[in-house]
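A.B. asks: Can you read through this structure? Questions will come right after.
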Amino acid sequence: MKNGWPVKTLGEACEVINGGTPKTGTSAYWDGPHQWITPAEMGKRLSPYVDATERTITDAGLDNSSARPLPPKSVILSSRAPIGHLVINTVPMATNQGCKGLVPRKGLYYKFLFYYLVSIRDQLDAMGTGATFRELSGGKLKEVAIPLPPLPEQRRIVGILDEAFAGIATAKANAEKNLRNARALFDGGSKSAFEELGNNNNQKLLRDVCYVDRGSSPRPIKDYFTTAADGVNWIKIGDSIEGDKYITATKQKITPKGALESVRVKEGDFLLTNSMSFGRPYILKINGCIHDGWYCLRLNEGLDADYFYHLLSSAYVREQFNRLASGSVVLNISSDLVKRAKLPIPPLAEQRKIVKRLDELRAETHRLDSLYQRKLAALDALKKSLLHQAFSGELAGKVLSAV
C-alpha cells in the first residue's frame, strides 16, 4: 500500500453486522416490508446496487431472529456459500446468516470500501474455514487491513474506477455478444446445409442407415467393477465431455462376466446420450460396454462417419430429438423414437464435400471463439490490474486508454 496512507482494520473502519434467518415455517415472519438478501441472490445480480430482494421479512421476523437492518450504502459481503459476493444496498436491508454487512464509519467512502473488497476477494476466500462448508468469520473479517487515503482521494479513485469499469463492461458485453455470434455461426451454417439437403427428397429414417441398440448394466453393477488386466472398458456418460467428438478412455472397468450381461461396442461406433442431456453424439476410440444411458449406433455402408457426426450434432437433428423426447420428470428419448429421426443422406461423394465445408466453417468458428475468449480474459486481467493500482497508490488518470 502507498506510503503515507493510514491503514486501519475493517473492524476499526466499519461496523460489521451479522445476518440471520427467521423461522421459515412461520408465515408471520415473511412477506413483510423489510428487504432481506442471501448469498444465492447476490450471486445472480448483474449490478452491485440492490433496492429490492426476492424475499422480505416482517417486523416480527426481525424481532424473532438475529437479522438486523443495514442502513443504505452499506456493503454486503457473502461470507459463505460462497465467500466473496458483494453488493451495495440502496435501501435499508437485512441479510441471512451467510452474509456480513459492513457499515462504513466516518472517513470511509462506501464505494471505496466496495472496490477494495472486490480487489481482495481471493484473500477473503482463502481466510474461510470449516469442514462442511467454508465460512469467513466476523472476527477474521474485522482483522483485515484497509488503506484509508483522505476522502477526496477515495472519491477520485472511485471516479476513475467507475469510468474505467464502465468502459470494460461495454467492451465485455461486445466481446460476449461476438462470442455468442461466433458460436452461432457454425450452428446456423450446419442447420441450413442439412435443411437444404432435406428439401431434396433424399431423407431416410435413422433406423434405415444404422443399427441401433440400447446399453444395459449388469445388476448389481458394483459387483462387476474390476481393476484386473482383463477388465472391459465400462463406458458411462461421465466419460464424455460435451463438445468433444471422441470418447477415448473410461474411469472404470467391468469383469468379462459383467460384459456378457451388457451391450458390447467397438471402436468406430457412435454413442448417443439418453439422459438429462439426451441426444449428444460421440465416436468411440475404444472397445467396451455401455450402460443404459447410451444408444449405440453402428453405421451401414455408404455413410461417412464425419458426415454422420456433423448431422447428429446439428440443430437440424437436435430439434427433431427435442420434439420426439418425452417424460414427466426428466425428458428422454426411446430407441423407437430415435429410429424415427429423419436424416438427409446424399451420395457419399456429396457427404464428403459437405464435411469439408463444415470442417472449414468449424475451424473459423473456433478461431473466432478463441479470439473473443482471449479478449474477455484480457479485460478481466485489466480489471484486476486497475484494482491493484488503485489500492497501492499507483492509479494514474490515463487508465481508460487501456480499455
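Ordering of the C-alpha cells sets the chain letters (A, B, ...), residue numbers begin anew at 1 in every chain, and ligands are numbered from 1 in the order given.
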Applying 8 Å and only C-alpha atoms, which residues near A:Pro6 remain after dropping the ones on its own chain fewer than 4 positions away? List them as a ChimeraX atom specification.
C.D. replies: /A:147-149
A.B. asks: Report as an MDAnalysis selection string all protein, DNA and RNA residues lying within 8 Å of stretch 334-351 of chain A, evaluated on only C-alpha atoms, omitting residues in the same chain fewer than 2 positions from it.
C.D. replies: chainID A and resid 194 197:198 202:207 212:214 295 302:304 307 311 317 320:321 324:325 332 353:355
A.B. asks: Closest to A:His85 among A:Leu284, A:Ala145, A:Leu260, A:Leu46, using only C-alpha atoms?
C.D. replies: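 Closest to A:His85, using only C-alpha atoms: A:Leu46.
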A.B. asks: Using only C-alpha atoms, which residue out of A:Ile17, A:Leu297, A:Leu136, A:Met127 lies closest to A:Met93?
C.D. replies: A:Ile17
A.B. asks: Rounded to one decimal in Å, what is the spacing between atom CA of A:Glu163 and atom CA of A:Glu41?
C.D. replies: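 Interatomic distance, atom CA of A:Glu163 to atom CA of A:Glu41: 26.2 Å.
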A.B. asks: DSSP on the backbone, then: every residue of stretch 196-310 of chain A marked strand (DSSP E or B), written as a short mmCIF file (atom, residue, chain, number, x, y, z; two decimals) with N, CA and C atoms, in the first residue's frame.
C.D. replies:
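Listing of states.cif after writing:
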data_model
loop_
_atom_site.label_atom_id
_atom_site.label_comp_id
_atom_site.auth_asym_id
_atom_site.auth_seq_id
_atom_site.Cartn_x
_atom_site.Cartn_y
_atom_site.Cartn_z
N GLN A 203 -34.21 -37.89 -47.89
CA GLN A 203 -34.25 -38.20 -46.47
C GLN A 203 -34.50 -39.69 -46.23
N LYS A 204 -33.86 -40.18 -45.16
CA LYS A 204 -34.09 -41.55 -44.72
C LYS A 204 -34.29 -41.53 -43.21
N LEU A 205 -34.96 -42.55 -42.70
CA LEU A 205 -35.09 -42.68 -41.26
C LEU A 205 -33.78 -43.19 -40.68
N CYS A 210 -28.53 -47.12 -39.95
CA CYS A 210 -27.62 -47.69 -38.95
C CYS A 210 -28.38 -48.65 -38.04
N TYR A 211 -27.61 -49.53 -37.43
CA TYR A 211 -28.14 -50.44 -36.42
C TYR A 211 -28.20 -49.68 -35.09
N VAL A 212 -29.29 -49.80 -34.36
CA VAL A 212 -29.48 -49.08 -33.10
C VAL A 212 -29.69 -50.08 -31.97
N ASP A 213 -28.93 -49.91 -30.89
CA ASP A 213 -29.09 -50.76 -29.71
C ASP A 213 -28.95 -49.88 -28.48
N ARG A 214 -29.63 -50.25 -27.42
CA ARG A 214 -29.53 -49.50 -26.16
C ARG A 214 -28.66 -50.26 -25.17
N PHE A 225 -17.38 -54.37 -10.99
CA PHE A 225 -16.24 -53.48 -11.18
C PHE A 225 -14.95 -54.23 -10.90
N THR A 226 -13.91 -53.90 -11.67
CA THR A 226 -12.64 -54.59 -11.51
C THR A 226 -11.48 -53.69 -11.91
N VAL A 232 -12.99 -54.99 -18.82
CA VAL A 232 -13.57 -54.42 -20.04
C VAL A 232 -13.96 -52.97 -19.76
N ASN A 233 -13.64 -52.07 -20.70
CA ASN A 233 -14.00 -50.66 -20.53
C ASN A 233 -15.49 -50.51 -20.27
N TRP A 234 -15.83 -49.81 -19.16
CA TRP A 234 -17.23 -49.57 -18.82
C TRP A 234 -17.53 -48.10 -19.13
N ILE A 235 -18.24 -47.86 -20.22
CA ILE A 235 -18.39 -46.52 -20.78
C ILE A 235 -19.66 -45.88 -20.24
N TYR A 246 -14.81 -37.38 -29.52
CA TYR A 246 -14.46 -38.78 -29.28
C TYR A 246 -14.51 -39.12 -27.79
N ILE A 247 -14.74 -40.40 -27.53
CA ILE A 247 -14.53 -40.97 -26.19
C ILE A 247 -13.32 -41.88 -26.30
N GLN A 252 -13.74 -46.53 -15.29
CA GLN A 252 -13.95 -47.83 -14.65
C GLN A 252 -13.96 -48.94 -15.68
N LYS A 253 -13.72 -50.15 -15.17
CA LYS A 253 -13.81 -51.36 -16.00
C LYS A 253 -14.70 -52.36 -15.28
N ILE A 254 -15.30 -53.26 -16.08
CA ILE A 254 -16.09 -54.34 -15.50
C ILE A 254 -15.48 -55.67 -15.92
N VAL A 263 -24.02 -54.52 -23.19
CA VAL A 263 -24.00 -54.37 -24.65
C VAL A 263 -22.59 -54.01 -25.08
N ARG A 264 -22.01 -54.83 -25.91
CA ARG A 264 -20.66 -54.60 -26.41
C ARG A 264 -20.67 -53.55 -27.51
N VAL A 265 -19.66 -52.68 -27.47
CA VAL A 265 -19.48 -51.68 -28.52
C VAL A 265 -18.02 -51.73 -28.95
N PHE A 270 -20.89 -45.17 -32.95
CA PHE A 270 -21.39 -43.90 -32.40
C PHE A 270 -22.16 -44.19 -31.12
N LEU A 271 -22.00 -43.30 -30.14
CA LEU A 271 -22.83 -43.34 -28.95
C LEU A 271 -23.67 -42.08 -28.91
N LEU A 272 -24.90 -42.24 -28.45
CA LEU A 272 -25.84 -41.12 -28.35
C LEU A 272 -26.39 -41.12 -26.93
N THR A 273 -26.29 -39.98 -26.25
CA THR A 273 -26.77 -39.92 -24.87
C THR A 273 -28.29 -40.04 -24.81
N PRO A 281 -23.96 -36.74 -29.53
CA PRO A 281 -23.26 -37.85 -30.18
C PRO A 281 -21.75 -37.86 -29.87
N TYR A 282 -21.19 -39.05 -29.87
CA TYR A 282 -19.74 -39.25 -29.72
C TYR A 282 -19.33 -40.42 -30.60
N ILE A 283 -18.06 -40.41 -31.00
CA ILE A 283 -17.48 -41.53 -31.74
C ILE A 283 -16.51 -42.24 -30.81
N LEU A 284 -16.62 -43.57 -30.77
CA LEU A 284 -15.75 -44.34 -29.89
C LEU A 284 -14.36 -44.53 -30.49
N GLY A 288 -15.57 -51.64 -25.67
CA GLY A 288 -16.06 -51.75 -24.30
C GLY A 288 -17.52 -52.13 -24.23
N CYS A 289 -18.15 -51.76 -23.12
CA CYS A 289 -19.58 -52.00 -22.89
C CYS A 289 -20.22 -50.70 -22.44
N ILE A 290 -21.53 -50.54 -22.70
CA ILE A 290 -22.22 -49.31 -22.35
C ILE A 290 -23.42 -49.60 -21.44
N TRP A 294 -26.90 -44.87 -22.74
CA TRP A 294 -26.40 -44.69 -24.10
C TRP A 294 -27.24 -45.46 -25.11
N TYR A 295 -27.26 -44.95 -26.34
CA TYR A 295 -27.62 -45.75 -27.51
C TYR A 295 -26.35 -45.95 -28.32
N CYS A 296 -26.21 -47.14 -28.86
CA CYS A 296 -25.13 -47.41 -29.80
C CYS A 296 -25.71 -47.36 -31.22
N LEU A 297 -25.04 -46.61 -32.09
CA LEU A 297 -25.44 -46.52 -33.50
C LEU A 297 -24.28 -47.04 -34.34
N ARG A 298 -24.53 -48.10 -35.10
CA ARG A 298 -23.49 -48.69 -35.94
C ARG A 298 -23.89 -48.47 -37.40
N LEU A 299 -23.02 -47.74 -38.12
CA LEU A 299 -23.39 -47.25 -39.44
C LEU A 299 -23.41 -48.35 -40.50
#
A.B. asks: Counting only C-alpha atoms, which of A:Gly138, A:His388, A:Thr38, A:Gly61 gets nearest to A:Gly98?
C.D. replies: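 Closest to A:Gly98, using only C-alpha atoms: A:Thr38.
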A.B. asks: Looking at A:Thr56, A:Gln35, A:Asn322, A:Ser47, which one is nearest to A:Pro92, with distances taken over only C-alpha atoms?
C.D. replies: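 Among the listed residues, A:Gln35 lies closest to A:Pro92.
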A.B. asks: Pick the closest to A:Ile333 from A:Lys222, A:Lys100, A:Arg280, A:Lys8: which is it, counting only C-alpha atoms?
C.D. replies: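 For A:Ile333, the nearest of the candidates is A:Arg280.
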A.B. asks: Could you give me, as a PyMOL selection string, the residues within 12 Å of A:Asp359, counting only C-alpha atoms and dropping anything in the same chain fewer than 3 positions from it?
C.D. replies: chain A and resi 186+189-190+306-307+309-310+352-356+362-366
A.B. asks: Write out as an MDAnalysis selection string the residues lying within 10 Å of A:Tyr116, counting only C-alpha atoms and excluding same-chain residues fewer than 4 positions away.
C.D. replies: chainID A and resid 110:112 120:121 146:147 158 387:388 390:391
A.B. asks: Quick one: residues within 8 Å of A:Glu135, only C-alpha atoms counted, chain neighbours fewer than 5 positions away excluded, as a ChimeraX atom specification?
C.D. replies: /A:79-81,83,128-130
A.B. asks: Mind writing the picked residues with N, CA and C atoms as a tab-separated table (two decimals), in the first residue's frame?
C.D. replies:
chain	number	residue	atom	x	y	z
A	79	SER	N	-20.39	-14.38	3.16
A	79	SER	CA	-19.28	-14.95	3.93
A	79	SER	C	-19.27	-16.47	3.90
A	80	ARG	N	-20.20	-17.06	3.16
A	80	ARG	CA	-20.18	-18.50	2.92
A	80	ARG	C	-21.09	-18.80	1.74
A	81	ALA	N	-20.79	-19.93	1.11
A	81	ALA	CA	-21.64	-20.48	0.02
A	81	ALA	C	-21.98	-19.48	-1.08
A	83	ILE	N	-17.86	-17.48	-0.44
A	83	ILE	CA	-17.28	-16.26	0.12
A	83	ILE	C	-16.95	-15.32	-1.02
A	128	GLY	N	-11.41	-18.34	4.72
A	128	GLY	CA	-12.54	-19.15	5.18
A	128	GLY	C	-12.09	-20.47	5.76
A	129	THR	N	-12.83	-20.96	6.74
A	129	THR	CA	-12.53	-22.24	7.37
A	129	THR	C	-13.83	-23.02	7.54
A	130	GLY	N	-13.71	-24.33	7.75
A	130	GLY	CA	-14.88	-25.16	8.00
A	130	GLY	C	-14.79	-26.47	7.25
A.B. asks: From the DSSP assignment of the backbone, select every residue of stretch 255-334 of chain A that is helix (DSSP H, G or I), and format the answer as an NGL selection string.
C.D. replies: :A and (256-260 or 305-313 or 315-324)
A.B. asks: For a quick check of understanding, using only C-alpha atoms, which of A:Ser313, A:Arg323, A:Pro22, A:Leu371 has the smallest distance to A:Asp187?
C.D. replies: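 When distances to A:Asp187 are compared using only C-alpha atoms, the smallest one comes from A:Ser313.
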A.B. asks: With only C-alpha atoms as the counted atoms, please give the residues lying no more than 10 Å from stretch 24-30 of chain A, apart from itself and same-chain residues fewer than 6 positions off, as a list of chain:residue names.
C.D. replies: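 Within the cut-off, the hits are A:Trp36, A:Arg55, A:Thr56, A:Ile57, A:Thr58, A:Asp59, A:Ala60, A:Gly61, A:Leu62, A:Asp63, A:Asn64, A:Ser65.
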A.B. asks: Take the residues just selected and output them with C-alpha atoms as a tab-separated table (two decimals), in the first residue's frame.
C.D. replies:
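The file below, result38.tsv, is the result:
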chain	number	residue	atom	x	y	z
A	36	TRP	CA	-33.72	-9.46	3.12
A	55	ARG	CA	-37.82	-12.31	-0.19
A	56	THR	CA	-38.86	-9.88	2.52
A	57	ILE	CA	-39.49	-10.21	6.24
A	58	THR	CA	-41.88	-8.63	8.72
A	59	ASP	CA	-41.30	-6.68	11.93
A	60	ALA	CA	-41.93	-9.95	13.76
A	61	GLY	CA	-39.34	-11.66	11.57
A	62	LEU	CA	-36.75	-9.06	12.60
A	63	ASP	CA	-37.73	-9.25	16.25
A	64	ASN	CA	-37.51	-13.05	16.34
A	65	SER	CA	-34.21	-13.54	14.53
